[in-house]
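Visitor: Input model38.txt, format and content: compact mmCIF, C-alpha atoms and all ligand atoms.
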```txt
# COMPACT_ATOMS: atom_id res chain seq x y z
CA MET A 715 165.87 170.08 126.17
CA GLU A 716 163.44 167.21 125.84
CA GLN A 717 160.40 167.39 128.12
CA LYS A 718 160.04 163.95 129.68
CA SER A 719 156.75 164.28 131.49
CA PHE A 720 153.19 165.37 130.99
CA SER A 721 152.48 168.91 132.02
CA SER A 722 149.04 168.58 133.61
CA LYS A 723 146.99 166.10 135.63
CA PHE A 724 144.16 166.37 133.16
CA GLY A 725 146.60 165.50 130.38
CA VAL A 726 147.73 162.35 132.20
CA LEU A 727 144.13 161.28 132.71
CA MET A 728 143.18 161.87 129.08
CA ALA A 729 146.27 160.06 127.79
CA ALA A 730 145.65 157.08 130.10
CA ALA A 731 141.96 157.02 129.18
CA GLY A 732 143.00 157.32 125.54
CA SER A 733 145.13 154.21 125.90
CA ALA A 734 142.37 152.29 127.64
CA VAL A 735 139.53 153.37 125.38
CA GLY A 736 140.25 151.69 122.10
CA LEU A 737 139.09 149.04 119.71
CA GLY A 738 138.73 146.85 122.79
CA SER A 739 135.90 148.97 124.14
CA ILE A 740 134.23 149.97 120.92
CA TRP A 741 134.78 147.00 118.63
CA LYS A 742 135.52 144.02 120.86
CA PHE A 743 133.45 144.70 123.99
CA PRO A 744 130.08 144.83 122.19
CA TYR A 745 130.60 141.67 120.17
CA VAL A 746 131.98 139.68 123.10
CA VAL A 747 129.01 140.82 125.19
CA GLY A 748 126.75 139.81 122.30
CA GLU A 749 128.29 136.36 122.11
CA ASN A 750 128.12 135.84 125.86
CA GLY A 751 124.54 136.74 126.56
CA GLY A 752 124.53 140.43 127.49
CA GLY A 753 123.81 141.79 130.99
CA ALA A 754 125.27 139.02 133.13
CA PHE A 755 128.54 139.18 131.24
CA ILE A 756 128.68 142.94 131.73
CA LEU A 757 128.27 142.46 135.43
CA LEU A 758 131.20 140.05 135.45
CA TYR A 759 133.25 142.46 133.41
CA ILE A 760 132.58 145.23 135.92
CA VAL A 761 133.45 142.97 138.86
CA CYS A 762 136.75 142.00 137.19
CA THR A 763 137.53 145.62 136.45
CA LEU A 764 136.86 146.82 139.98
CA PHE A 765 138.39 143.94 141.92
CA PHE A 766 141.32 142.94 139.75
CA GLY A 767 141.84 145.77 137.31
CA LEU A 768 141.86 148.59 139.83
CA PRO A 769 144.71 147.39 142.07
CA LEU A 770 146.76 146.35 139.04
CA VAL A 771 146.33 149.71 137.33
CA MET A 772 147.29 151.45 140.55
CA SER A 773 150.41 149.28 140.91
CA GLU A 774 151.57 150.04 137.38
CA PHE A 775 151.10 153.76 137.87
CA MET A 776 152.98 153.63 141.17
CA ILE A 777 155.90 151.63 139.78
CA GLY A 778 156.24 154.19 136.99
CA LYS A 779 155.81 157.24 139.16
CA LEU A 780 158.21 156.06 141.81
CA SER A 781 160.97 155.06 139.40
CA GLY A 782 160.41 157.72 136.75
CA LYS A 783 161.11 155.01 134.18
CA SER A 784 159.24 152.74 131.83
CA ALA A 785 159.03 149.00 132.53
CA TYR A 786 162.60 148.18 131.45
CA GLY A 787 164.29 150.69 133.72
CA ALA A 788 161.61 150.66 136.43
CA TYR A 789 162.02 147.05 137.58
CA ARG A 790 165.76 147.42 137.56
CA LYS A 791 165.71 150.68 139.52
CA ILE A 792 163.21 149.60 142.17
CA CYS A 793 164.77 146.16 142.71
CA GLY A 794 168.31 147.42 142.50
CA SER A 795 169.06 144.34 140.36
CA ASN A 796 167.78 142.74 137.20
CA ARG A 797 165.91 139.94 138.94
CA TRP A 798 162.53 141.18 137.68
CA GLN A 799 163.77 142.38 134.34
CA TRP A 800 162.10 139.43 132.56
CA LEU A 801 158.75 141.00 133.32
CA SER A 802 159.62 144.01 131.19
CA TRP A 803 160.57 141.66 128.33
CA ILE A 804 157.19 139.96 128.64
CA ASN A 805 155.61 143.42 128.58
CA ILE A 806 157.40 144.51 125.43
CA MET A 807 156.62 141.22 123.70
CA THR A 808 152.96 141.64 124.55
CA VAL A 809 152.86 145.17 123.22
CA LEU A 810 154.68 144.12 120.03
CA ALA A 811 152.32 141.19 119.50
CA ILE A 812 149.26 143.41 119.96
CA MET A 813 150.60 146.20 117.77
CA SER A 814 151.33 143.73 114.98
CA PHE A 815 147.62 143.18 114.43
CA TYR A 816 146.11 146.31 116.04
CA PHE A 817 147.33 148.55 113.24
CA VAL A 818 145.66 146.26 110.72
CA VAL A 819 142.27 146.85 112.37
CA THR A 820 143.02 150.55 112.86
CA GLY A 821 143.78 150.76 109.13
CA GLY A 822 140.42 149.07 108.50
CA CYS A 823 138.68 151.78 110.54
CA ILE A 824 140.40 154.53 108.55
CA ASN A 825 139.44 152.83 105.29
CA TYR A 826 135.81 152.45 106.39
CA MET A 827 135.63 156.07 107.52
CA ILE A 828 136.83 157.25 104.11
CA GLU A 829 134.51 154.88 102.26
CA ALA A 830 131.57 155.93 104.42
CA SER A 831 132.26 159.57 103.60
CA MET A 832 132.20 158.72 99.89
CA ASP A 833 128.83 157.02 100.32
CA THR A 834 130.22 153.64 99.28
CA PHE A 835 127.85 151.79 101.61
CA ALA A 836 124.71 153.54 100.35
CA GLY A 837 122.00 151.00 99.59
CA MET A 838 124.12 147.98 100.59
CA ASP A 839 122.35 145.31 102.64
CA ALA A 840 124.03 142.96 105.09
CA GLU A 841 124.92 140.51 102.35
CA ALA A 842 126.56 143.13 100.15
CA LEU A 843 128.40 144.52 103.15
CA THR A 844 129.67 141.07 104.09
CA ALA A 845 130.99 140.64 100.57
CA HIS A 846 132.57 144.10 100.78
CA PHE A 847 134.24 143.27 104.09
CA LYS A 848 135.51 139.93 102.73
CA MET A 849 136.97 141.76 99.76
CA PHE A 850 138.77 144.24 102.02
CA GLU A 851 139.99 141.42 104.23
CA GLY A 852 141.18 139.34 101.31
CA TYR A 853 143.16 141.93 99.38
CA ALA A 854 146.58 142.60 100.89
CA PRO A 855 147.68 145.80 99.07
CA THR A 856 144.80 147.98 100.35
CA MET A 857 145.18 146.64 103.86
CA VAL A 858 148.92 147.27 103.82
CA VAL A 859 148.42 150.85 102.65
CA TYR A 860 145.92 151.60 105.42
CA ALA A 861 147.96 149.90 108.13
CA ILE A 862 150.94 152.02 107.05
CA ILE A 863 148.77 155.16 107.16
CA ALA A 864 147.86 154.25 110.75
CA ILE A 865 151.53 153.69 111.63
CA VAL A 866 152.55 156.99 110.05
CA LEU A 867 149.82 158.89 111.90
CA THR A 868 150.91 157.37 115.21
CA THR A 869 154.57 157.99 114.44
CA SER A 870 153.94 161.63 113.68
CA VAL A 871 152.46 162.15 117.16
CA LEU A 872 155.33 160.35 118.88
CA TRP A 873 157.86 162.45 117.02
CA PHE A 874 157.13 165.26 119.48
CA ASP A 875 157.97 165.27 123.19
CA VAL A 876 155.27 163.58 125.25
CA ASN A 877 153.74 166.81 126.55
CA LYS A 878 153.42 168.25 123.04
CA GLY A 879 152.43 165.15 121.09
CA ILE A 880 150.50 162.60 123.16
CA GLU A 881 149.25 164.96 125.84
CA ARG A 882 148.09 167.77 123.61
CA LEU A 883 146.33 165.43 121.20
CA SER A 884 144.63 163.35 123.92
CA LYS A 885 143.32 166.52 125.57
CA ILE A 886 141.49 167.37 122.36
CA LEU A 887 140.51 163.96 121.03
CA MET A 888 139.23 162.30 124.19
CA PRO A 889 136.62 164.94 125.10
CA LEU A 890 135.57 164.90 121.42
CA LEU A 891 135.20 161.13 121.60
CA PHE A 892 132.96 161.41 124.67
CA VAL A 893 130.74 163.96 122.98
CA ILE A 894 130.35 161.79 119.85
CA LEU A 895 129.58 158.72 121.96
CA ILE A 896 126.90 160.49 123.96
CA VAL A 897 125.30 162.01 120.88
CA LEU A 898 125.22 158.64 119.09
CA ALA A 899 123.89 156.78 122.16
CA PHE A 900 121.15 159.36 122.54
CA HIS A 901 120.30 159.05 118.87
CA MET A 902 119.95 155.26 119.13
CA MET A 903 117.76 155.30 122.22
CA PHE A 904 114.90 156.74 120.23
CA LEU A 905 114.82 154.00 117.62
CA ASP A 906 111.82 151.67 117.67
CA GLY A 907 113.08 148.54 119.34
CA GLY A 908 115.88 150.43 120.99
CA ILE A 909 114.58 149.46 124.40
CA THR A 910 114.97 145.75 123.56
CA GLY A 911 118.63 146.47 122.91
CA LEU A 912 119.03 148.23 126.23
CA ARG A 913 117.29 145.32 127.98
CA PHE A 914 119.68 142.87 126.36
CA LEU A 915 122.53 144.99 127.60
CA PHE A 916 121.39 145.52 131.15
CA GLU A 917 119.13 142.59 132.13
CA PRO A 918 121.38 139.88 133.53
CA ASP A 919 120.65 136.29 132.52
CA PHE A 920 122.81 134.27 134.87
CA SER A 921 122.21 131.00 133.08
CA LYS A 922 124.83 132.15 130.55
CA ILE A 923 127.59 132.34 133.12
CA ASN A 924 130.17 129.57 133.41
CA ALA A 925 133.91 129.29 134.03
CA LYS A 926 134.71 130.14 130.44
CA THR A 927 132.67 133.35 130.48
CA CYS A 928 134.37 134.40 133.73
CA LEU A 929 137.75 133.96 132.12
CA GLU A 930 136.65 135.76 129.01
CA ALA A 931 135.43 138.71 131.11
CA MET A 932 138.73 138.94 132.93
CA GLY A 933 140.81 138.84 129.74
CA LEU A 934 138.65 141.50 128.16
CA SER A 935 138.84 143.66 131.25
CA PHE A 936 142.67 143.59 131.29
CA PHE A 937 142.88 144.21 127.56
CA THR A 938 140.55 147.19 127.63
CA LEU A 939 142.27 148.67 130.70
CA SER A 940 145.65 148.29 128.93
CA VAL A 941 146.94 146.71 132.13
CA GLY A 942 149.58 144.00 132.54
CA MET A 943 151.81 145.15 129.70
CA GLY A 944 153.76 148.02 131.17
CA ILE A 945 151.85 150.76 129.37
CA LEU A 946 150.66 152.40 132.55
CA ILE A 947 154.13 152.12 134.08
CA THR A 948 155.38 154.34 131.28
CA TYR A 949 152.53 156.81 131.76
CA GLY A 950 153.09 156.73 135.53
CA ALA A 951 156.67 157.83 134.85
CA TYR A 952 155.34 160.88 132.99
CA MET A 953 153.03 161.96 135.84
CA PRO A 954 153.63 165.33 137.47
CA GLU A 955 155.00 165.06 141.03
CA ASP A 956 151.77 166.10 142.76
CA GLN A 957 149.44 163.78 140.84
CA ASP A 958 147.41 161.46 143.06
CA VAL A 959 147.64 157.90 141.78
CA LYS A 960 144.51 156.65 143.50
CA SER A 961 142.16 159.26 142.10
CA THR A 962 143.71 159.08 138.62
CA THR A 963 143.19 155.30 138.65
CA ILE A 964 139.57 155.57 139.73
CA GLN A 965 138.79 158.28 137.19
CA MET A 966 140.45 156.35 134.39
CA ILE A 967 138.58 153.16 135.23
CA LEU A 968 135.26 154.97 135.43
CA LEU A 969 135.81 156.66 132.08
CA GLU A 970 136.81 153.41 130.40
CA THR A 971 133.83 151.47 131.79
CA MET A 972 131.47 154.27 130.82
CA VAL A 973 132.77 154.26 127.25
CA SER A 974 132.36 150.48 126.92
CA LEU A 975 128.79 150.73 128.20
CA LEU A 976 128.03 153.66 125.91
CA ALA A 977 129.40 151.69 122.95
CA GLY A 978 126.98 148.91 123.91
CA MET A 979 124.17 151.45 124.18
CA ILE A 980 124.91 152.61 120.66
CA ILE A 981 125.26 149.22 119.08
CA PHE A 982 122.59 146.99 120.64
CA PRO A 983 119.54 149.25 120.23
CA ALA A 984 120.52 149.70 116.58
CA VAL A 985 121.05 145.97 116.06
CA PHE A 986 117.73 145.01 117.63
CA ALA A 987 115.77 147.80 116.02
CA TYR A 988 116.53 146.45 112.56
CA GLY A 989 116.22 142.75 113.24
CA PHE A 990 119.88 141.78 113.33
CA THR A 991 121.33 139.39 115.91
CA PRO A 992 123.69 140.65 118.58
CA SER A 993 126.10 137.70 118.35
CA GLU A 994 127.61 138.58 114.99
CA GLY A 995 131.21 138.28 116.21
CA PRO A 996 134.07 140.50 115.10
CA GLN A 997 132.21 141.69 112.02
CA LEU A 998 129.59 143.43 114.17
CA ALA A 999 131.21 146.83 113.67
CA PHE A 1000 132.20 146.39 110.01
CA VAL A 1001 129.16 144.64 108.59
CA THR A 1002 126.18 144.75 110.89
CA LEU A 1003 126.51 148.36 111.93
CA PRO A 1004 126.96 149.89 108.47
CA ALA A 1005 123.95 147.77 107.42
CA VAL A 1006 121.95 149.12 110.35
CA PHE A 1007 123.04 152.68 109.62
CA GLN A 1008 121.61 152.41 106.10
CA HIS A 1009 118.14 152.33 107.63
CA MET A 1010 118.67 155.38 109.72
CA PHE A 1011 117.72 158.88 109.09
CA SER A 1012 121.14 160.07 107.96
CA PRO A 1013 123.17 156.98 106.96
CA THR A 1014 126.25 158.79 105.70
CA LEU A 1015 126.61 161.14 108.62
CA THR A 1016 125.99 158.38 111.18
CA SER A 1017 128.46 155.97 109.52
CA VAL A 1018 131.17 158.58 109.11
CA THR A 1019 130.74 159.73 112.71
CA PHE A 1020 130.88 156.17 114.01
CA PHE A 1021 134.03 155.24 112.08
CA PHE A 1022 135.67 158.54 113.00
CA LEU A 1023 135.01 157.61 116.62
CA MET A 1024 136.64 154.20 116.07
CA CYS A 1025 139.66 155.90 114.49
CA ILE A 1026 140.15 158.25 117.44
CA ALA A 1027 139.78 155.42 119.93
CA ALA A 1028 142.20 153.19 118.02
CA LEU A 1029 144.85 155.86 117.43
CA THR A 1030 145.02 157.03 121.04
CA SER A 1031 145.68 153.37 121.94
CA THR A 1032 148.29 152.76 119.25
CA ILE A 1033 150.05 155.91 120.42
CA SER A 1034 150.32 154.51 123.95
CA MET A 1035 151.60 151.14 122.77
CA MET A 1036 154.17 152.62 120.46
CA GLU A 1037 155.37 155.04 123.15
CA VAL A 1038 156.10 152.03 125.36
CA ALA A 1039 158.22 150.46 122.64
CA VAL A 1040 160.04 153.75 122.06
CA ALA A 1041 160.71 154.24 125.78
CA PHE A 1042 161.88 150.63 126.03
CA ILE A 1043 164.38 151.01 123.19
CA ARG A 1044 165.73 154.21 124.68
CA GLU A 1045 166.19 152.74 128.13
CA ALA A 1046 167.64 149.51 126.83
CA THR A 1047 170.19 151.32 124.67
CA SER A 1048 171.12 154.05 127.14
CA GLY A 1049 174.51 153.43 128.63
CA THR A 1050 175.54 151.30 125.65
CA LYS A 1051 177.87 152.40 122.87
CA HIS A 1052 174.93 153.40 120.69
CA PRO A 1053 172.26 155.08 122.77
CA LEU A 1054 169.24 155.94 120.59
CA ASN A 1055 167.45 159.26 120.96
CA ARG A 1056 163.70 159.78 120.70
CA HIS A 1057 163.58 160.27 116.94
CA GLN A 1058 165.82 157.31 116.17
CA SER A 1059 163.78 155.04 118.46
CA VAL A 1060 160.53 156.21 116.89
CA VAL A 1061 161.82 155.46 113.39
CA LEU A 1062 163.20 152.07 114.42
CA THR A 1063 159.89 151.11 116.05
CA ALA A 1064 157.93 152.26 113.01
CA ILE A 1065 160.09 150.16 110.68
CA ILE A 1066 159.62 147.07 112.85
CA LEU A 1067 155.87 147.66 112.95
CA VAL A 1068 155.53 148.09 109.20
CA MET A 1069 157.25 144.74 108.77
CA THR A 1070 155.24 142.84 111.38
CA ASN A 1071 151.95 144.27 110.17
CA ILE A 1072 152.75 143.35 106.57
CA LEU A 1073 153.52 139.80 107.68
CA CYS A 1074 150.24 139.71 109.55
CA ILE A 1075 148.32 140.91 106.51
CA LEU A 1076 150.06 138.50 104.14
CA SER A 1077 149.18 135.68 106.47
CA MET A 1078 145.53 136.78 106.73
CA THR A 1079 145.14 137.01 102.99
CA GLY A 1080 146.65 133.58 102.40
CA ASN A 1081 149.81 134.91 100.78
CA ALA A 1082 152.20 133.50 103.34
CA GLU A 1083 151.37 129.89 104.13
CA TRP A 1084 154.55 129.52 106.17
CA LEU A 1085 153.11 131.87 108.80
CA THR A 1086 150.10 129.63 109.39
CA VAL A 1087 150.50 127.79 112.67
CA MET A 1088 148.04 125.13 113.81
CA GLY A 1089 145.77 125.99 110.91
CA LYS A 1090 145.39 129.63 112.01
CA ASP A 1091 146.79 132.78 110.45
CA LEU A 1092 149.22 135.09 112.20
CA PHE A 1093 146.57 137.69 113.10
CA THR A 1094 144.45 135.12 114.94
CA ASN A 1095 147.46 133.54 116.63
CA LEU A 1096 148.97 136.83 117.81
CA ASN A 1097 145.63 137.91 119.20
CA ALA A 1098 145.19 134.59 121.01
CA VAL A 1099 148.75 134.46 122.37
CA ALA A 1100 148.52 138.04 123.66
CA ASN A 1101 145.11 137.59 125.29
CA SER A 1102 145.37 134.13 126.68
CA PHE A 1103 149.01 133.95 127.55
CA LEU A 1104 151.14 137.11 127.51
CA ILE A 1105 148.67 139.48 129.20
CA PRO A 1106 147.74 137.03 131.99
CA ILE A 1107 151.44 136.25 132.62
CA GLY A 1108 152.26 139.98 132.67
CA ALA A 1109 149.41 140.63 135.10
CA LEU A 1110 150.39 137.65 137.26
CA GLY A 1111 154.00 138.83 137.46
CA LEU A 1112 152.86 142.36 138.23
CA SER A 1113 150.55 141.29 141.05
CA ILE A 1114 153.15 139.00 142.64
CA TYR A 1115 155.85 141.60 142.29
CA SER A 1116 153.84 144.45 143.75
CA GLY A 1117 152.07 142.32 146.36
CA TRP A 1118 155.07 140.44 147.72
CA PHE A 1119 158.33 141.93 146.56
CA ALA A 1120 158.09 145.68 146.28
CA PRO A 1121 157.42 147.19 149.67
CA SER A 1122 158.39 150.63 148.49
CA ILE A 1123 155.57 150.83 146.00
CA ARG A 1124 152.98 149.59 148.43
CA TYR A 1125 149.83 151.50 148.64
CA GLN A 1126 149.99 154.44 151.03
CA GLY A 1127 146.36 154.94 152.00
CA SER A 1128 144.37 154.19 155.11
CA LYS A 1129 145.21 150.94 156.87
CA ALA A 1130 142.03 149.21 155.74
CA GLU A 1131 142.52 150.29 152.14
CA SER A 1132 146.08 149.14 152.02
CA MET A 1133 145.23 145.77 153.59
CA TYR A 1134 142.54 145.25 150.99
CA TYR A 1135 144.91 146.27 148.22
CA LEU A 1136 147.61 143.87 149.38
CA PHE A 1137 145.19 141.01 149.92
CA ILE A 1138 143.88 141.33 146.39
CA LEU A 1139 147.34 141.58 144.86
CA ARG A 1140 148.86 138.81 146.92
CA TRP A 1141 146.12 136.24 146.76
CA VAL A 1142 143.04 136.98 144.69
CA VAL A 1143 144.61 138.11 141.43
CA PRO A 1144 147.34 135.44 141.26
CA ILE A 1145 144.94 132.61 142.08
CA ALA A 1146 142.38 133.85 139.58
CA ILE A 1147 144.99 134.16 136.84
CA VAL A 1148 146.50 130.76 137.48
CA PHE A 1149 142.97 129.45 137.19
CA ILE A 1150 142.64 131.18 133.81
CA LEU A 1151 145.89 129.76 132.55
CA LEU A 1152 145.03 126.24 133.65
CA GLU A 1153 141.62 126.47 132.06
CA ILE A 1154 143.02 127.04 128.55
N1 LIG B 1201 143.02 149.12 125.82
C1 LIG B 1201 143.01 149.19 124.40
C2 LIG B 1201 141.65 148.88 123.86
O1 LIG B 1201 140.73 148.72 124.56
C3 LIG B 1201 143.92 148.24 123.75
C4 LIG B 1201 145.27 148.27 124.22
C5 LIG B 1201 145.82 147.10 124.60
C6 LIG B 1201 145.95 149.45 124.30
C7 LIG B 1201 147.09 147.09 125.04
C8 LIG B 1201 147.19 149.46 124.77
C9 LIG B 1201 147.75 148.26 125.13
O2 LIG B 1201 141.51 148.77 122.67
```
So, in terms of structure tokens, how does the structure I just supplied come out?
Guide:
Amino acid sequence: MEQKSFSSKFGVLMAAAGSAVGLGSIWKFPYVVGENGGGAFILLYIVCTLFFGLPLVMSEFMIGKLSGKSAYGAYRKICGSNRWQWLSWINIMTVLAIMSFYFVVTGGCINYMIEASMDTFAGMDAEALTAHFKMFEGYAPTMVVYAIIAIVLTTSVLWFDVNKGIERLSKILMPLLFVILIVLAFHMMFLDGGITGLRFLFEPDFSKINAKTCLEAMGLSFFTLSVGMGILITYGAYMPEDQDVKSTTIQMILLETMVSLLAGMIIFPAVFAYGFTPSEGPQLAFVTLPAVFQHMFSPTLTSVTFFFLMCIAALTSTISMMEVAVAFIREATSGTKHPLNRHQSVVLTAIILVMTNILCILSMTGNAEWLTVMGKDLFTNLNAVANSFLIPIGALGLSIYSGWFAPSIRYQGSKAESMYYLFILRWVVPIAIVFILLEI
């Protein structure tokens, strides 16, 4: 008999933290902070996470826990009709859009980890590493192979029931990830110039803050929390009966914020210590850091450890996204003539992902002009559509639904807490998101 829930509270927390902690925290957070002036942006990010992220995460968990279903079945069950079903379609589209490029980057991490272990980067300076990265980025076959490796790894975890696959693996990998992060951050603090990096990270310069940075901080906060796309609804459905949603939410948010900050504490001291600039953009992790590591006392070990860390973070996130797609397919086909079981849904999802990721790669490498829209390749467009449109719409729908239309999932805490929770969901989050959408 298939086990349809996690077996321990710790397992739920590690799986949820595993979803949240991903390339968003370790690859994207540091470069976005670098581009937006450091400390002040971090402050904004934390405010967004605490004020907007927290109630939304809690709502998703509660919708899942109460209904015992993932987004597709949950809205239908709680509403007793399919009036809010569209929200689950937005959710699944968001997750599909993200997965279609996320595996490409995950594959890149796996490739870099293997190359680092073979000492490929030894002696390369920033210029050589840039050329190396461009070569990787420009050659479709290697990228396809690594994206498929990432898909196969994720698929092999999902093959098992959730308590055996996702839960067991997260319980091992997440603590390991924390240990590696702390060791690396500690290592970096003792570099000459490391303190300048920490200053950049923690000293707020408010002159850098404007409407655009606020919006950027909010988008990043939702992306890194994996909120607004139904992922946490699915994990809520797998929670044991006696799990407390409020404390799980707070613990997950704290862990995720700590990891992002630790990633910054690893990256910025290293960048400053060796005279690089913090605003290198997306190539910060793939070019600047390997270049920095070459100057360190054990370049190979540090690079391999760092890319191993990125792989763990990325894979625990891809697992959560793919599980949502699998759960969606199962719920959507149940009750039809051809209900799909877990294994069939996993295989179907994997096939779809291989195809979308190949399209994404072909578009990036200039082999599929027809996928270029508005002068941008598919990777860039999917990323932009997910971040600036699908995630905000998903979060807006979620806040309106749980603030105004779903009394049964309302927060059951003290009166003051629940008034605060409702106020934020009813007014603050929707207004802020509409503001975001109008701004772009
Ligand atoms: N939160 C993950 C990260 O920070 C990304 C993610 C987005 C995971 C959407 C699941 C769903 O990388």
Visitor: Pick out the closest residue to ligand LIG 1201 (chain B) from this set: A:Met1010, A:Phe847, A:Leu801, A:Asn1097. Count all atoms listed in the file.
Guide: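 Among A:Met1010, A:Phe847, A:Leu801, A:Asn1097, it is A:Asn1097 that comes nearest to ligand LIG 1201 (chain B).
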Visitor: Which one of A:Ile1147, A:Leu887, A:Ile1065, A:Leu946 sits closest to ligand LIG 1201 (chain B) if you count all atoms listed in the file?
Guide: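 Selected residue with least distance to ligand LIG 1201 (chain B): A:Leu946.
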Visitor: What does the structure give for the distance between atom CA of Thr808 of chain A and atom CA of Thr1070 of chain A, in Å to one decimal?
Guide: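 Calculated distance between atom CA of Thr808 of chain A and atom CA of Thr1070 of chain A is 13.4 Å.
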Visitor: List as a VMD selection string the protein and nucleic acid residues lying within 8 Å of ligand LIG 1201 (chain B), with only C-alpha atoms and all ligand atoms counted.
Guide: chain A and resid 733 to 740 742 809 812 936 to 941 943 945 1027 to 1028 1031 to 1032 1034 to 1035
Visitor: Restricting the output to C-alpha atoms, write the selected residues as a PDB file, in the coordinates of the input.
Guide:
```pdb
ATOM      1  CA  SER A 733     145.130 154.210 125.900  1.00  0.00           C
ATOM      2  CA  ALA A 734     142.370 152.290 127.640  1.00  0.00           C
ATOM      3  CA  VAL A 735     139.530 153.370 125.380  1.00  0.00           C
ATOM      4  CA  GLY A 736     140.250 151.690 122.100  1.00  0.00           C
ATOM      5  CA  LEU A 737     139.090 149.040 119.710  1.00  0.00           C
ATOM      6  CA  GLY A 738     138.730 146.850 122.790  1.00  0.00           C
ATOM      7  CA  SER A 739     135.900 148.970 124.140  1.00  0.00           C
ATOM      8  CA  ILE A 740     134.230 149.970 120.920  1.00  0.00           C
ATOM      9  CA  LYS A 742     135.520 144.020 120.860  1.00  0.00           C
ATOM     10  CA  VAL A 809     152.860 145.170 123.220  1.00  0.00           C
ATOM     11  CA  ILE A 812     149.260 143.410 119.960  1.00  0.00           C
ATOM     12  CA  PHE A 936     142.670 143.590 131.290  1.00  0.00           C
ATOM     13  CA  PHE A 937     142.880 144.210 127.560  1.00  0.00           C
ATOM     14  CA  THR A 938     140.550 147.190 127.630  1.00  0.00           C
ATOM     15  CA  LEU A 939     142.270 148.670 130.700  1.00  0.00           C
ATOM     16  CA  SER A 940     145.650 148.290 128.930  1.00  0.00           C
ATOM     17  CA  VAL A 941     146.940 146.710 132.130  1.00  0.00           C
ATOM     18  CA  MET A 943     151.810 145.150 129.700  1.00  0.00           C
ATOM     19  CA  ILE A 945     151.850 150.760 129.370  1.00  0.00           C
ATOM     20  CA  ALA A1027     139.780 155.420 119.930  1.00  0.00           C
ATOM     21  CA  ALA A1028     142.200 153.190 118.020  1.00  0.00           C
ATOM     22  CA  SER A1031     145.680 153.370 121.940  1.00  0.00           C
ATOM     23  CA  THR A1032     148.290 152.760 119.250  1.00  0.00           C
ATOM     24  CA  SER A1034     150.320 154.510 123.950  1.00  0.00           C
ATOM     25  CA  MET A1035     151.600 151.140 122.770  1.00  0.00           C
TER      26      MET A1035
END
```
Visitor: My list of candidates is A:Tyr786, A:Phe755, A:Phe986, A:Phe874. Which is closest to Asp919 of chain A when distances are computed with only C-alpha atoms?
Guide: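 Going through A:Tyr786, A:Phe755, A:Phe986, A:Phe874 one by one, the smallest distance to Asp919 of chain A is for A:Phe755.
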Visitor: Grab the atom CA of Phe1021 of chain A to atom CA of Ala1005 of chain A distance for me, in Å with one decimal place.
Guide: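 Result for atom CA of Phe1021 of chain A versus atom CA of Ala1005 of chain A: 13.4 Å, one decimal.
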Visitor: Counting all atoms listed in the file, figure out which residue out of A:Asn796, A:Ser1113, A:Ser935, A:Thr991 gets nearest to Ala840 of chain A.
Guide: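 Going through A:Asn796, A:Ser1113, A:Ser935, A:Thr991 one by one, the smallest distance to Ala840 of chain A is for A:Thr991.
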Visitor: Which residues come within 8 Å of Gly911 of chain A, counting only C-alpha atoms, excluding same-chain residues fewer than 5 positions away, as a VMD selection string?
Guide: chain A and resid 979 982 to 987
Visitor: Between A:Tyr860, A:Pro992, A:Cys1074, A:Thr763, which one has atoms that come closest to Leu912 of chain A, using only C-alpha atoms?
Guide: A:Pro992
